>>> print(open('upload.tsv').read())   # TSV, C-alpha atoms
chain	number	residue	atom	x	y	z
A	1	MET	CA	120.28	80.38	56.82
A	2	GLN	CA	117.96	78.72	59.33
A	3	LYS	CA	120.25	79.75	62.21
A	4	ARG	CA	120.29	83.40	61.06
A	5	PHE	CA	116.48	83.39	60.80
A	6	THR	CA	116.17	81.94	64.31
A	7	LEU	CA	118.53	84.57	65.72
A	8	LYS	CA	116.63	87.37	63.96
A	9	LEU	CA	113.33	86.00	65.26
A	10	ALA	CA	114.67	85.79	68.82
A	11	ALA	CA	116.01	89.34	68.57
A	12	ALA	CA	112.67	90.58	67.25
A	13	CYS	CA	110.82	88.88	70.10
A	14	ALA	CA	113.19	90.33	72.65
A	15	PHE	CA	112.79	93.80	71.17
A	16	ALA	CA	109.00	93.45	71.20
A	17	ALA	CA	109.10	92.35	74.83
A	18	LEU	CA	111.30	95.30	75.80
A	19	ALA	CA	109.05	97.66	73.85
A	20	GLY	CA	106.01	96.27	75.66
A	21	LEU	CA	107.74	96.68	79.02
A	22	ALA	CA	108.72	100.22	78.18
A	23	GLN	CA	105.15	100.97	77.13
A	24	ALA	CA	103.79	99.50	80.39
A	25	GLN	CA	106.12	101.68	82.41
A	26	GLN	CA	104.83	104.81	80.72
A	27	THR	CA	101.61	104.67	82.74
A	28	ILE	CA	100.50	103.91	86.29
A	29	LYS	CA	97.85	101.20	86.02
A	30	ILE	CA	95.06	101.15	88.59
A	31	ALA	CA	91.89	99.05	88.78
A	32	ASN	CA	88.52	100.39	89.89
A	33	ILE	CA	86.60	97.31	91.14
A	34	VAL	CA	83.19	98.56	92.23
A	35	GLU	CA	79.47	97.83	92.51
A	36	LEU	CA	77.84	99.07	89.31
A	37	SER	CA	74.82	96.75	89.53
A	38	GLY	CA	72.92	95.00	92.30
A	39	PRO	CA	72.17	96.51	95.74
A	40	GLY	CA	75.45	98.45	95.80
A	41	THR	CA	74.88	100.35	92.55
A	42	THR	CA	74.50	103.77	94.17
A	43	ALA	CA	77.61	103.50	96.35
A	44	GLY	CA	79.76	101.91	93.65
A	45	THR	CA	78.79	104.33	90.91
A	46	LEU	CA	79.54	107.43	92.96
A	47	PHE	CA	82.83	105.95	94.17
A	48	LYS	CA	83.78	105.21	90.55
A	49	ASN	CA	82.90	108.76	89.52
A	50	GLY	CA	85.10	110.18	92.28
A	51	VAL	CA	88.06	108.02	91.24
A	52	GLU	CA	87.69	108.99	87.57
A	53	LEU	CA	87.39	112.69	88.38
A	54	ALA	CA	90.64	112.59	90.38
A	55	VAL	CA	92.43	110.59	87.69
A	56	LYS	CA	91.48	113.15	85.05
A	57	GLU	CA	92.65	116.06	87.21
A	58	ILE	CA	95.97	114.43	88.04
A	59	ASN	CA	96.61	113.44	84.42
A	60	ASP	CA	95.72	116.94	83.18
A	61	ALA	CA	98.25	118.32	85.67
A	62	GLY	CA	101.05	116.08	84.37
A	63	GLY	CA	100.45	112.81	86.21
A	64	ILE	CA	102.47	111.36	89.08
A	65	MET	CA	106.25	111.53	88.80
A	66	GLY	CA	105.72	112.44	85.15
A	67	LYS	CA	103.56	109.40	84.37
A	68	LYS	CA	99.85	109.35	83.55
A	69	ILE	CA	97.36	107.14	85.38
A	70	GLU	CA	95.67	104.43	83.32
A	71	SER	CA	92.41	103.44	85.01
A	72	SER	CA	90.09	100.53	84.23
A	73	THR	CA	86.66	99.95	85.81
A	74	VAL	CA	84.80	96.66	86.29
A	75	ASP	CA	81.52	95.70	87.96
A	76	THR	CA	81.42	93.36	90.98
A	77	GLN	CA	77.62	93.06	90.64
A	78	THR	CA	77.67	93.47	94.46
A	79	ASN	CA	78.79	89.85	94.58
A	80	PRO	CA	81.78	88.93	96.81
A	81	GLY	CA	82.76	86.00	94.58
A	82	VAL	CA	82.81	88.19	91.48
A	83	ALA	CA	84.80	90.82	93.37
A	84	LYS	CA	87.39	88.23	94.34
A	85	GLY	CA	87.80	87.03	90.75
A	86	LEU	CA	88.12	90.58	89.40
A	87	THR	CA	90.71	91.43	92.04
A	88	GLN	CA	92.71	88.35	91.12
A	89	LYS	CA	92.67	89.43	87.47
A	90	ALA	CA	93.78	92.96	88.38
A	91	VAL	CA	96.70	91.57	90.36
A	92	ASP	CA	97.69	89.32	87.45
A	93	ASP	CA	97.46	92.33	85.10
A	94	GLY	CA	100.13	94.11	87.16
A	95	VAL	CA	98.23	97.11	88.50
A	96	LEU	CA	99.92	99.40	91.00
A	97	ALA	CA	96.79	99.91	93.12
A	98	ILE	CA	93.20	98.72	93.43
A	99	PHE	CA	90.20	100.87	94.37
A	100	GLY	CA	87.17	99.05	95.77
A	101	PRO	CA	85.01	97.21	96.38
A	102	VAL	CA	82.90	99.59	98.48
A	103	TYR	CA	80.77	96.99	100.25
A	104	SER	CA	82.29	95.39	103.35
A	105	GLY	CA	81.14	91.88	102.45
A	106	SER	CA	82.97	92.04	99.12
A	107	ILE	CA	86.25	93.56	100.32
A	108	MET	CA	86.40	91.03	103.16
A	109	VAL	CA	86.63	88.33	100.49
A	110	SER	CA	88.53	90.07	97.69
A	111	MET	CA	91.34	91.63	99.75
A	112	ALA	CA	92.98	88.21	100.10
A	113	GLU	CA	93.86	88.50	96.40
A	114	SER	CA	95.35	92.02	96.62
A	115	LYS	CA	97.35	90.82	99.64
A	116	ARG	CA	98.60	87.85	97.60
A	117	GLY	CA	99.88	90.24	94.96
A	118	GLY	CA	101.24	92.82	97.40
A	119	ILE	CA	99.00	95.52	95.87
A	120	PRO	CA	97.65	98.49	97.88
A	121	ASN	CA	93.85	98.16	98.03
A	122	PHE	CA	91.67	101.17	98.94
A	123	THR	CA	88.17	100.35	100.15
A	124	GLY	CA	85.06	102.26	101.11
A	125	GLY	CA	83.94	99.37	103.35
A	126	GLU	CA	83.35	100.38	106.96
A	127	ALA	CA	83.10	97.04	108.80
A	128	ALA	CA	85.50	97.03	111.74
A	129	ALA	CA	86.85	93.58	110.82
A	130	ILE	CA	88.33	94.74	107.49
A	131	THR	CA	91.45	96.23	109.06
A	132	GLN	CA	91.63	93.72	111.91
A	133	GLN	CA	92.89	90.84	109.74
A	134	GLY	CA	96.55	91.87	109.71
A	135	ASN	CA	96.45	92.66	105.98
A	136	PRO	CA	99.19	95.25	105.30
A	137	TYR	CA	97.80	96.14	101.87
A	138	VAL	CA	94.25	97.27	102.72
A	139	PHE	CA	93.53	100.95	103.39
A	140	ARG	CA	90.32	102.79	104.27
A	141	THR	CA	88.97	105.63	102.17
A	142	ALA	CA	86.84	106.73	105.14
A	143	PHE	CA	86.34	105.90	108.78
A	144	GLY	CA	85.91	102.33	109.87
A	145	GLN	CA	83.44	101.56	112.61
A	146	SER	CA	86.20	101.46	115.23
A	147	SER	CA	87.05	105.09	114.43
A	148	SER	CA	83.61	106.60	113.82
A	149	PHE	CA	81.44	104.83	116.37
A	150	PRO	CA	83.15	106.22	119.50
A	151	LYS	CA	82.06	109.69	118.34
A	152	LEU	CA	78.58	108.40	117.57
A	153	ALA	CA	78.18	106.62	120.91
A	154	LYS	CA	79.19	109.77	122.77
A	155	TYR	CA	76.42	111.69	120.98
A	156	ILE	CA	73.79	108.99	121.58
A	157	ASN	CA	74.60	108.96	125.31
A	158	THR	CA	73.59	112.62	125.48
A	159	LYS	CA	70.32	112.14	123.59
A	160	ALA	CA	68.64	108.92	124.72
A	161	LYS	CA	68.32	106.70	127.78
A	162	THR	CA	66.85	103.86	125.70
A	163	LEU	CA	67.61	102.96	122.09
A	164	ALA	CA	66.11	100.75	119.39
A	165	VAL	CA	68.71	99.47	116.90
A	166	ILE	CA	67.59	98.69	113.34
A	167	TYR	CA	70.45	97.20	111.30
A	168	VAL	CA	71.03	95.32	108.05
A	169	ASN	CA	72.03	91.70	108.56
A	170	ASN	CA	75.35	91.64	106.68
A	171	ASP	CA	79.03	92.27	107.54
A	172	PHE	CA	78.51	96.03	107.43
A	173	GLY	CA	75.36	96.09	109.55
A	174	LYS	CA	76.33	93.45	112.08
A	175	GLY	CA	79.74	95.03	112.52
A	176	GLY	CA	78.15	98.39	113.30
A	177	ARG	CA	75.56	96.93	115.61
A	178	ASP	CA	78.19	94.95	117.57
A	179	THR	CA	80.59	97.91	117.79
A	180	LEU	CA	77.89	100.26	119.06
A	181	ALA	CA	76.61	97.71	121.60
A	182	LYS	CA	80.09	97.37	123.10
A	183	LEU	CA	80.54	101.14	123.30
A	184	LEU	CA	77.16	101.65	124.97
A	185	ASP	CA	77.63	98.77	127.41
A	186	ASN	CA	77.61	100.01	131.04
A	187	GLY	CA	76.81	103.53	129.84
A	188	PRO	CA	73.71	105.69	130.33
A	189	THR	CA	71.99	104.48	127.13
A	190	LYS	CA	70.43	101.00	127.07
A	191	ILE	CA	69.52	99.09	123.91
A	192	VAL	CA	65.91	97.91	124.36
A	193	ALA	CA	65.22	96.60	120.84
A	194	ASP	CA	67.58	94.76	118.51
A	195	ILE	CA	65.96	94.59	115.07
A	196	SER	CA	67.58	92.80	112.12
A	197	THR	CA	66.64	93.57	108.50
A	198	ASP	CA	67.77	92.17	105.16
A	199	ALA	CA	69.86	93.74	102.41
A	200	GLY	CA	67.50	94.93	99.70
A	201	GLN	CA	64.49	94.77	102.05
A	202	VAL	CA	61.45	96.66	100.74
A	203	ASP	CA	58.91	96.50	103.57
A	204	PHE	CA	60.00	98.03	106.90
A	205	SER	CA	56.57	98.14	108.56
A	206	ALA	CA	57.31	95.28	110.98
A	207	ALA	CA	60.71	96.69	111.94
A	208	VAL	CA	59.25	100.11	112.68
A	209	LEU	CA	56.38	98.58	114.66
A	210	LYS	CA	58.89	96.69	116.85
A	211	ALA	CA	60.80	99.91	117.47
A	212	LYS	CA	57.61	101.72	118.46
A	213	GLN	CA	56.52	98.90	120.77
A	214	SER	CA	59.89	99.09	122.60
A	215	ASN	CA	59.04	102.67	123.61
A	216	ALA	CA	62.67	103.63	122.95
A	217	ASP	CA	63.72	107.27	123.21
A	218	ALA	CA	65.48	107.09	119.82
A	219	ILE	CA	66.26	104.79	116.91
A	220	PHE	CA	69.74	104.01	115.66
A	221	ALA	CA	69.38	103.13	111.96
A	222	TYR	CA	72.24	101.34	110.22
A	223	THR	CA	71.31	100.06	106.77
A	224	ASN	CA	72.45	100.70	103.21
A	225	GLU	CA	71.31	103.72	101.18
A	226	GLU	CA	68.16	102.43	99.47
A	227	GLU	CA	66.99	100.60	102.61
A	228	SER	CA	67.62	103.72	104.72
A	229	ALA	CA	65.27	105.71	102.50
A	230	ARG	CA	62.56	103.06	102.78
A	231	LEU	CA	62.99	102.94	106.55
A	232	LEU	CA	62.68	106.72	106.88
A	233	ARG	CA	59.52	106.73	104.78
A	234	GLU	CA	57.99	104.00	106.93
A	235	LEU	CA	58.91	105.84	110.13
A	236	LYS	CA	57.08	108.91	108.85
A	237	LYS	CA	54.12	106.80	107.76
A	238	GLN	CA	53.78	105.28	111.23
A	239	GLY	CA	54.10	108.65	112.94
A	240	TRP	CA	57.52	108.27	114.56
A	241	THR	CA	58.50	111.67	116.00
A	242	LYS	CA	61.48	110.78	118.20
A	243	PRO	CA	65.13	111.12	117.10
A	244	VAL	CA	66.46	108.95	114.28
A	245	ILE	CA	70.24	108.73	114.56
A	246	GLY	CA	72.70	107.03	112.24
A	247	GLU	CA	76.03	106.97	110.54
A	248	THR	CA	77.07	108.17	107.10
A	249	THR	CA	74.62	106.10	105.03
A	250	LEU	CA	71.52	107.41	106.83
A	251	THR	CA	71.80	110.96	105.50
A	252	GLY	CA	73.52	110.41	102.15
A	253	GLN	CA	72.40	112.46	99.17
A	254	LYS	CA	70.71	109.47	97.50
A	255	VAL	CA	68.81	108.71	100.72
A	256	ILE	CA	67.58	112.31	100.94
A	257	GLU	CA	66.44	112.21	97.30
A	258	LEU	CA	64.60	108.89	97.73
A	259	ALA	CA	63.09	109.60	101.15
A	260	GLY	CA	61.92	113.15	100.38
A	261	ASP	CA	60.62	115.05	103.39
A	262	ALA	CA	60.75	111.85	105.47
A	263	ALA	CA	64.52	112.43	105.73
A	264	ASN	CA	64.09	115.78	107.50
A	265	GLY	CA	65.27	115.63	111.10
A	266	ALA	CA	67.53	112.60	110.64
A	267	VAL	CA	70.87	113.08	112.40
A	268	ALA	CA	74.11	111.31	111.55
A	269	HIS	CA	77.80	111.33	112.24
A	270	VAL	CA	79.56	111.54	108.89
A	271	GLY	CA	83.20	111.36	108.03
A	272	LEU	CA	82.65	113.17	104.74
A	273	THR	CA	80.01	115.52	103.38
A	274	VAL	CA	80.05	117.89	100.42
A	275	ASP	CA	78.37	120.48	102.65
A	276	ALA	CA	81.28	120.66	105.11
A	277	PRO	CA	82.45	124.26	105.64
A	278	ILE	CA	85.82	123.57	103.99
A	279	PRO	CA	86.84	125.47	100.81
A	280	GLU	CA	88.39	122.42	99.12
A	281	MET	CA	85.28	120.36	99.84
A	282	LEU	CA	83.03	122.99	98.29
A	283	LYS	CA	85.32	123.08	95.24
A	284	PHE	CA	84.98	119.31	94.93
A	285	LYS	CA	81.19	119.59	95.18
A	286	ALA	CA	81.13	122.06	92.29
A	287	LYS	CA	83.57	120.04	90.14
A	288	TYR	CA	81.64	116.83	90.67
A	289	TYR	CA	78.36	118.51	89.74
A	290	GLN	CA	79.92	120.01	86.62
A	291	ALA	CA	81.26	116.59	85.58
A	292	TYR	CA	78.22	114.42	86.38
A	293	GLY	CA	75.23	116.74	86.75
A	294	SER	CA	74.45	115.53	90.26
A	295	ILE	CA	75.59	116.13	93.83
A	296	SER	CA	78.09	113.65	95.26
A	297	ASP	CA	77.60	111.86	98.54
A	298	HIS	CA	80.34	110.46	100.77
A	299	ASN	CA	81.10	107.67	98.28
A	300	GLY	CA	82.19	110.10	95.57
A	301	ILE	CA	84.46	111.90	98.06
A	302	LYS	CA	85.94	108.56	99.16
A	303	GLY	CA	86.88	107.64	95.60
A	304	TYR	CA	88.23	111.09	94.77
A	305	THR	CA	90.42	111.56	97.85
A	306	SER	CA	91.79	108.02	97.74
A	307	VAL	CA	93.48	108.65	94.38
A	308	TYR	CA	95.16	111.72	95.82
A	309	VAL	CA	96.23	109.65	98.85
A	310	LEU	CA	97.83	107.19	96.42
A	311	LYS	CA	99.62	110.09	94.72
A	312	ALA	CA	101.04	111.32	98.04
A	313	ALA	CA	102.19	107.79	98.96
A	314	ILE	CA	103.90	107.25	95.59
A	315	GLU	CA	105.71	110.56	95.95
A	316	LYS	CA	106.84	109.63	99.46
A	317	ALA	CA	108.01	106.18	98.31
A	318	GLY	CA	109.82	107.79	95.38
A	319	LYS	CA	109.21	104.84	93.10
A	320	LEU	CA	106.41	102.99	91.33
A	321	ASP	CA	106.61	99.86	93.44
A	322	PRO	CA	103.36	98.67	95.06
A	323	LYS	CA	105.03	97.18	98.14
A	324	ALA	CA	107.00	100.39	98.73
A	325	VAL	CA	103.83	102.45	98.27
A	326	ALA	CA	101.95	100.32	100.82
A	327	GLN	CA	104.82	100.68	103.26
A	328	ALA	CA	104.83	104.45	102.75
A	329	LEU	CA	101.10	104.62	103.54
A	330	HIS	CA	101.48	103.14	107.02
A	331	GLY	CA	101.95	106.02	109.45
A	332	LEU	CA	101.62	108.58	106.65
A	333	SER	CA	100.17	112.00	107.48
A	334	ILE	CA	99.04	114.09	104.51
A	335	SER	CA	98.53	117.83	104.70
A	336	ALA	CA	95.61	119.21	102.69
A	337	LYS	CA	97.49	122.50	102.38
A	338	LYS	CA	100.30	120.76	100.50
A	339	ASN	CA	98.03	118.18	98.84
A	340	PRO	CA	94.65	119.90	98.20
A	341	GLY	CA	93.14	116.82	96.57
A	342	VAL	CA	92.90	115.01	99.92
A	343	ILE	CA	90.56	117.89	100.94
A	344	MET	CA	91.18	117.40	104.69
A	345	ASP	CA	94.33	116.62	106.69
A	346	VAL	CA	94.46	112.84	107.07
A	347	SER	CA	96.71	110.24	108.68
A	348	PHE	CA	96.92	106.45	108.42
A	349	ASP	CA	97.85	104.03	111.19
A	350	ALA	CA	99.63	100.68	111.04
A	351	ASN	CA	96.37	98.86	110.27
A	352	GLY	CA	95.33	101.01	107.31
A	353	ASP	CA	92.70	102.94	109.28
A	354	LEU	CA	92.55	106.69	108.80
A	355	ASP	CA	91.95	109.57	111.19
A	356	ARG	CA	90.75	113.10	110.49
A	357	GLU	CA	88.04	115.58	111.46
A	358	SER	CA	84.41	114.55	110.96
A	359	PHE	CA	80.96	116.10	111.18
A	360	LEU	CA	77.58	115.85	112.82
A	361	VAL	CA	74.83	116.62	110.32
A	362	GLU	CA	71.07	117.01	110.38
A	363	VAL	CA	68.80	116.89	107.35
A	364	LYS	CA	66.89	120.17	107.11
A	365	ASN	CA	64.63	121.10	104.20
A	366	GLY	CA	66.01	118.30	102.08
A	367	ARG	CA	69.73	118.90	102.56
A	368	GLN	CA	72.52	118.04	104.94
A	369	VAL	CA	73.38	120.82	107.38
A	370	VAL	CA	76.58	120.53	109.39
A	371	VAL	CA	75.74	121.22	113.03
A	372	ALA	CA	79.14	120.38	114.54
A	373	THR	CA	82.73	119.63	113.50
A	374	LEU	CA	84.34	116.89	115.58
A	375	PRO	CA	88.13	116.67	116.02
A	376	ALA	CA	90.24	113.74	114.85
A	377	LEU	CA	90.43	111.00	117.49
A	378	GLY	CA	94.21	111.32	117.65
A	379	LYS	CA	94.15	115.06	118.20
A	380	LYS	CA	95.41	116.01	121.64
>>> encode(input="upload.tsv", output="structure tokens")
Amino acid sequence: MQKRFTLKLAAACAFAALAGLAQAQQTIKIANIVELSGPGTTAGTLFKNGVELAVKEINDAGGIMGKKIESSTVDTQTNPGVAKGLTQKAVDDGVLAIFGPVYSGSIMVSMAESKRGGIPNFTGGEAAAITQQGNPYVFRTAFGQSSSFPKLAKYINTKAKTLAVIYVNNDFGKGGRDTLAKLLDNGPTKIVADISTDAGQVDFSAAVLKAKQSNADAIFAYTNEEESARLLRELKKQGWTKPVIGETTLTGQKVIELAGDAANGAVAHVGLTVDAPIPEMLKFKAKYYQAYGSISDHNGIKGYTSVYVLKAAIEKAGKLDPKAVAQALHGLSISAKKNPGVIMDVSFDANGDLDRESFLVEVKNGRQVVVATLPALGKK
């Protein structure tokens, strides 16, 4: 009797295990590990919204290879240690892909865990060092500094003989400052002021005063969204009338809202903008507004397009295996005509960096205006 009971119990356990496995295979599990509190709240929230919008669209259209996406979202608190722990948990939970963190300092720490698990990890971080570590599982959702800054340096060389650099003293800011300095070295533009600021800094009066005292022809501003708005307001307050040039974060939608008319005239090279003259981008802008009641910045586009990149990679790999998906991503070129969700034609190199067209924008009357479309670096 006892033997029959034991056999029945073992059979029941085996059946339950198989049923659980079958259930797990019915969905594609992804983890959204982003900054929902702390200094990165703006970037992380918009990135999360973009991911969730894409997941809903894909699921409503039947999923990927007939399977729905199951997405979970957690908050890194803009803390690299928390991000690392959450990534480790996602790996242990058996996700197929991880989205985030957005901040460079966090992904630089957490991507060791996604690498350990062999899980593709999409990040909005732009620090050049992210994809220089030989990690085959990390992929950009937008340009890294090594891809975007050559375009930026070329523009600066045509606009200023002397430059004051105001940057945030973290992995993101220092990476940008160092990359730009190398690109400008021995060129026509000389850096005459090198001004470090802190993440979360409120008072930019001293930084602006140093820039003014350098008598530079222009300022290159490279800080996070909230700090960029404070810097622009202080520049206006102190009567700065020369060019203010930056990268994506300088002219983001949140910056424009916070800085008000102080943002007018700011110029930036951006990899993504909802105001790009591209039909699919304008469709995304409208869909995002309908879903969230606000206008997305580059972070929302990053999150949205990265899910569609994952979809294209899974379909190329032909199976729901994270290592095969990561392998498929390296060297992958995705056509926006065949895959509208990626919005723009995009390709990935062996390091996980992407290449595509980008834009030069100027803030006019409180909105981004595209003044030039720049070709992909790899375009002949």
>>> atom_distance(input="upload.tsv", atom1="CA of Ala229 in chain A", atom2="CA of Asp355 in chain A")
28.3 Å
>>> closest_atom_pairs(input="upload.tsv", of="range 278-356 of chain A", to="range 28-39 of chain A", cutoff="10 Å", atoms="only C-alpha atoms", output="tab-separated table")
residue	atom	partner	partner_atom	distance
A:Gly303	CA	A:Asn32	CA	9.4
A:Val307	CA	A:Ile30	CA	9.6
A:Leu320	CA	A:Ile28	CA	7.8
>>> closest_residue(input="upload.tsv", among="A:Asn135, A:Thr223, A:Thr141, A:Asn121", to="Val168 in chain A", atoms="all atoms listed in the file")
A:Thr223
>>> closest_residue(input="upload.tsv", among="A:Phe348, A:Phe204, A:Phe359, A:Tyr288", to="Lys56 in chain A", atoms="all atoms listed in the file")
A:Tyr288
>>> residues_near_point(input="upload.tsv", point="(62.3, 113.8, 101.2)", cutoff="10 Å", atoms="all atoms listed in the file", output="list of chain:residue names")
A:Ala229, A:Leu232, A:Arg233, A:Val255, A:Ile256, A:Glu257, A:Leu258, A:Ala259, A:Gly260, A:Asp261, A:Ala262, A:Ala263, A:Asn264, A:Val363, A:Lys364, A:Asn365, A:Gly366, A:Arg367
>>> residues_near_point(input="upload.tsv", point="(96.1, 93.9, 97.6)", cutoff="10 Å", atoms="all atoms listed in the file", output="short mmCIF file (atom, residue, chain, number, x, y, z; two decimals) with C-alpha atoms, in the coordinates of the input")
data_model
loop_
_atom_site.label_atom_id
_atom_site.label_comp_id
_atom_site.auth_asym_id
_atom_site.auth_seq_id
_atom_site.Cartn_x
_atom_site.Cartn_y
_atom_site.Cartn_z
CA THR A 87 90.71 91.43 92.04
CA GLN A 88 92.71 88.35 91.12
CA ALA A 90 93.78 92.96 88.38
CA VAL A 91 96.70 91.57 90.36
CA VAL A 95 98.23 97.11 88.50
CA LEU A 96 99.92 99.40 91.00
CA ALA A 97 96.79 99.91 93.12
CA ILE A 98 93.20 98.72 93.43
CA PHE A 99 90.20 100.87 94.37
CA SER A 110 88.53 90.07 97.69
CA MET A 111 91.34 91.63 99.75
CA ALA A 112 92.98 88.21 100.10
CA GLU A 113 93.86 88.50 96.40
CA SER A 114 95.35 92.02 96.62
CA LYS A 115 97.35 90.82 99.64
CA ARG A 116 98.60 87.85 97.60
CA GLY A 117 99.88 90.24 94.96
CA GLY A 118 101.24 92.82 97.40
CA ILE A 119 99.00 95.52 95.87
CA PRO A 120 97.65 98.49 97.88
CA ASN A 121 93.85 98.16 98.03
CA PHE A 122 91.67 101.17 98.94
CA ASN A 135 96.45 92.66 105.98
CA PRO A 136 99.19 95.25 105.30
CA TYR A 137 97.80 96.14 101.87
CA VAL A 138 94.25 97.27 102.72
CA PHE A 139 93.53 100.95 103.39
CA PRO A 322 103.36 98.67 95.06
CA LYS A 323 105.03 97.18 98.14
CA ALA A 326 101.95 100.32 100.82
#
>>> atom_distance(input="upload.tsv", atom1="CA of Ser306 in chain A", atom2="CA of Ala199 in chain A")
26.6 Å
>>> residues_around(input="upload.tsv", residues="range 238-247 of chain A", least_positions_apart="2", cutoff="8 Å", atoms="all atoms listed in the file", output="list in words")
Leu152, Ile156, Val208, Leu209, Lys212, Asp217, Ala218, Ile219, Phe220, Ala221, Tyr222, Glu234, Leu235, Lys236, Thr249, Leu250, Thr251, Gly265, Ala266, Val267, Ala268, His269 and Val270 of chain A
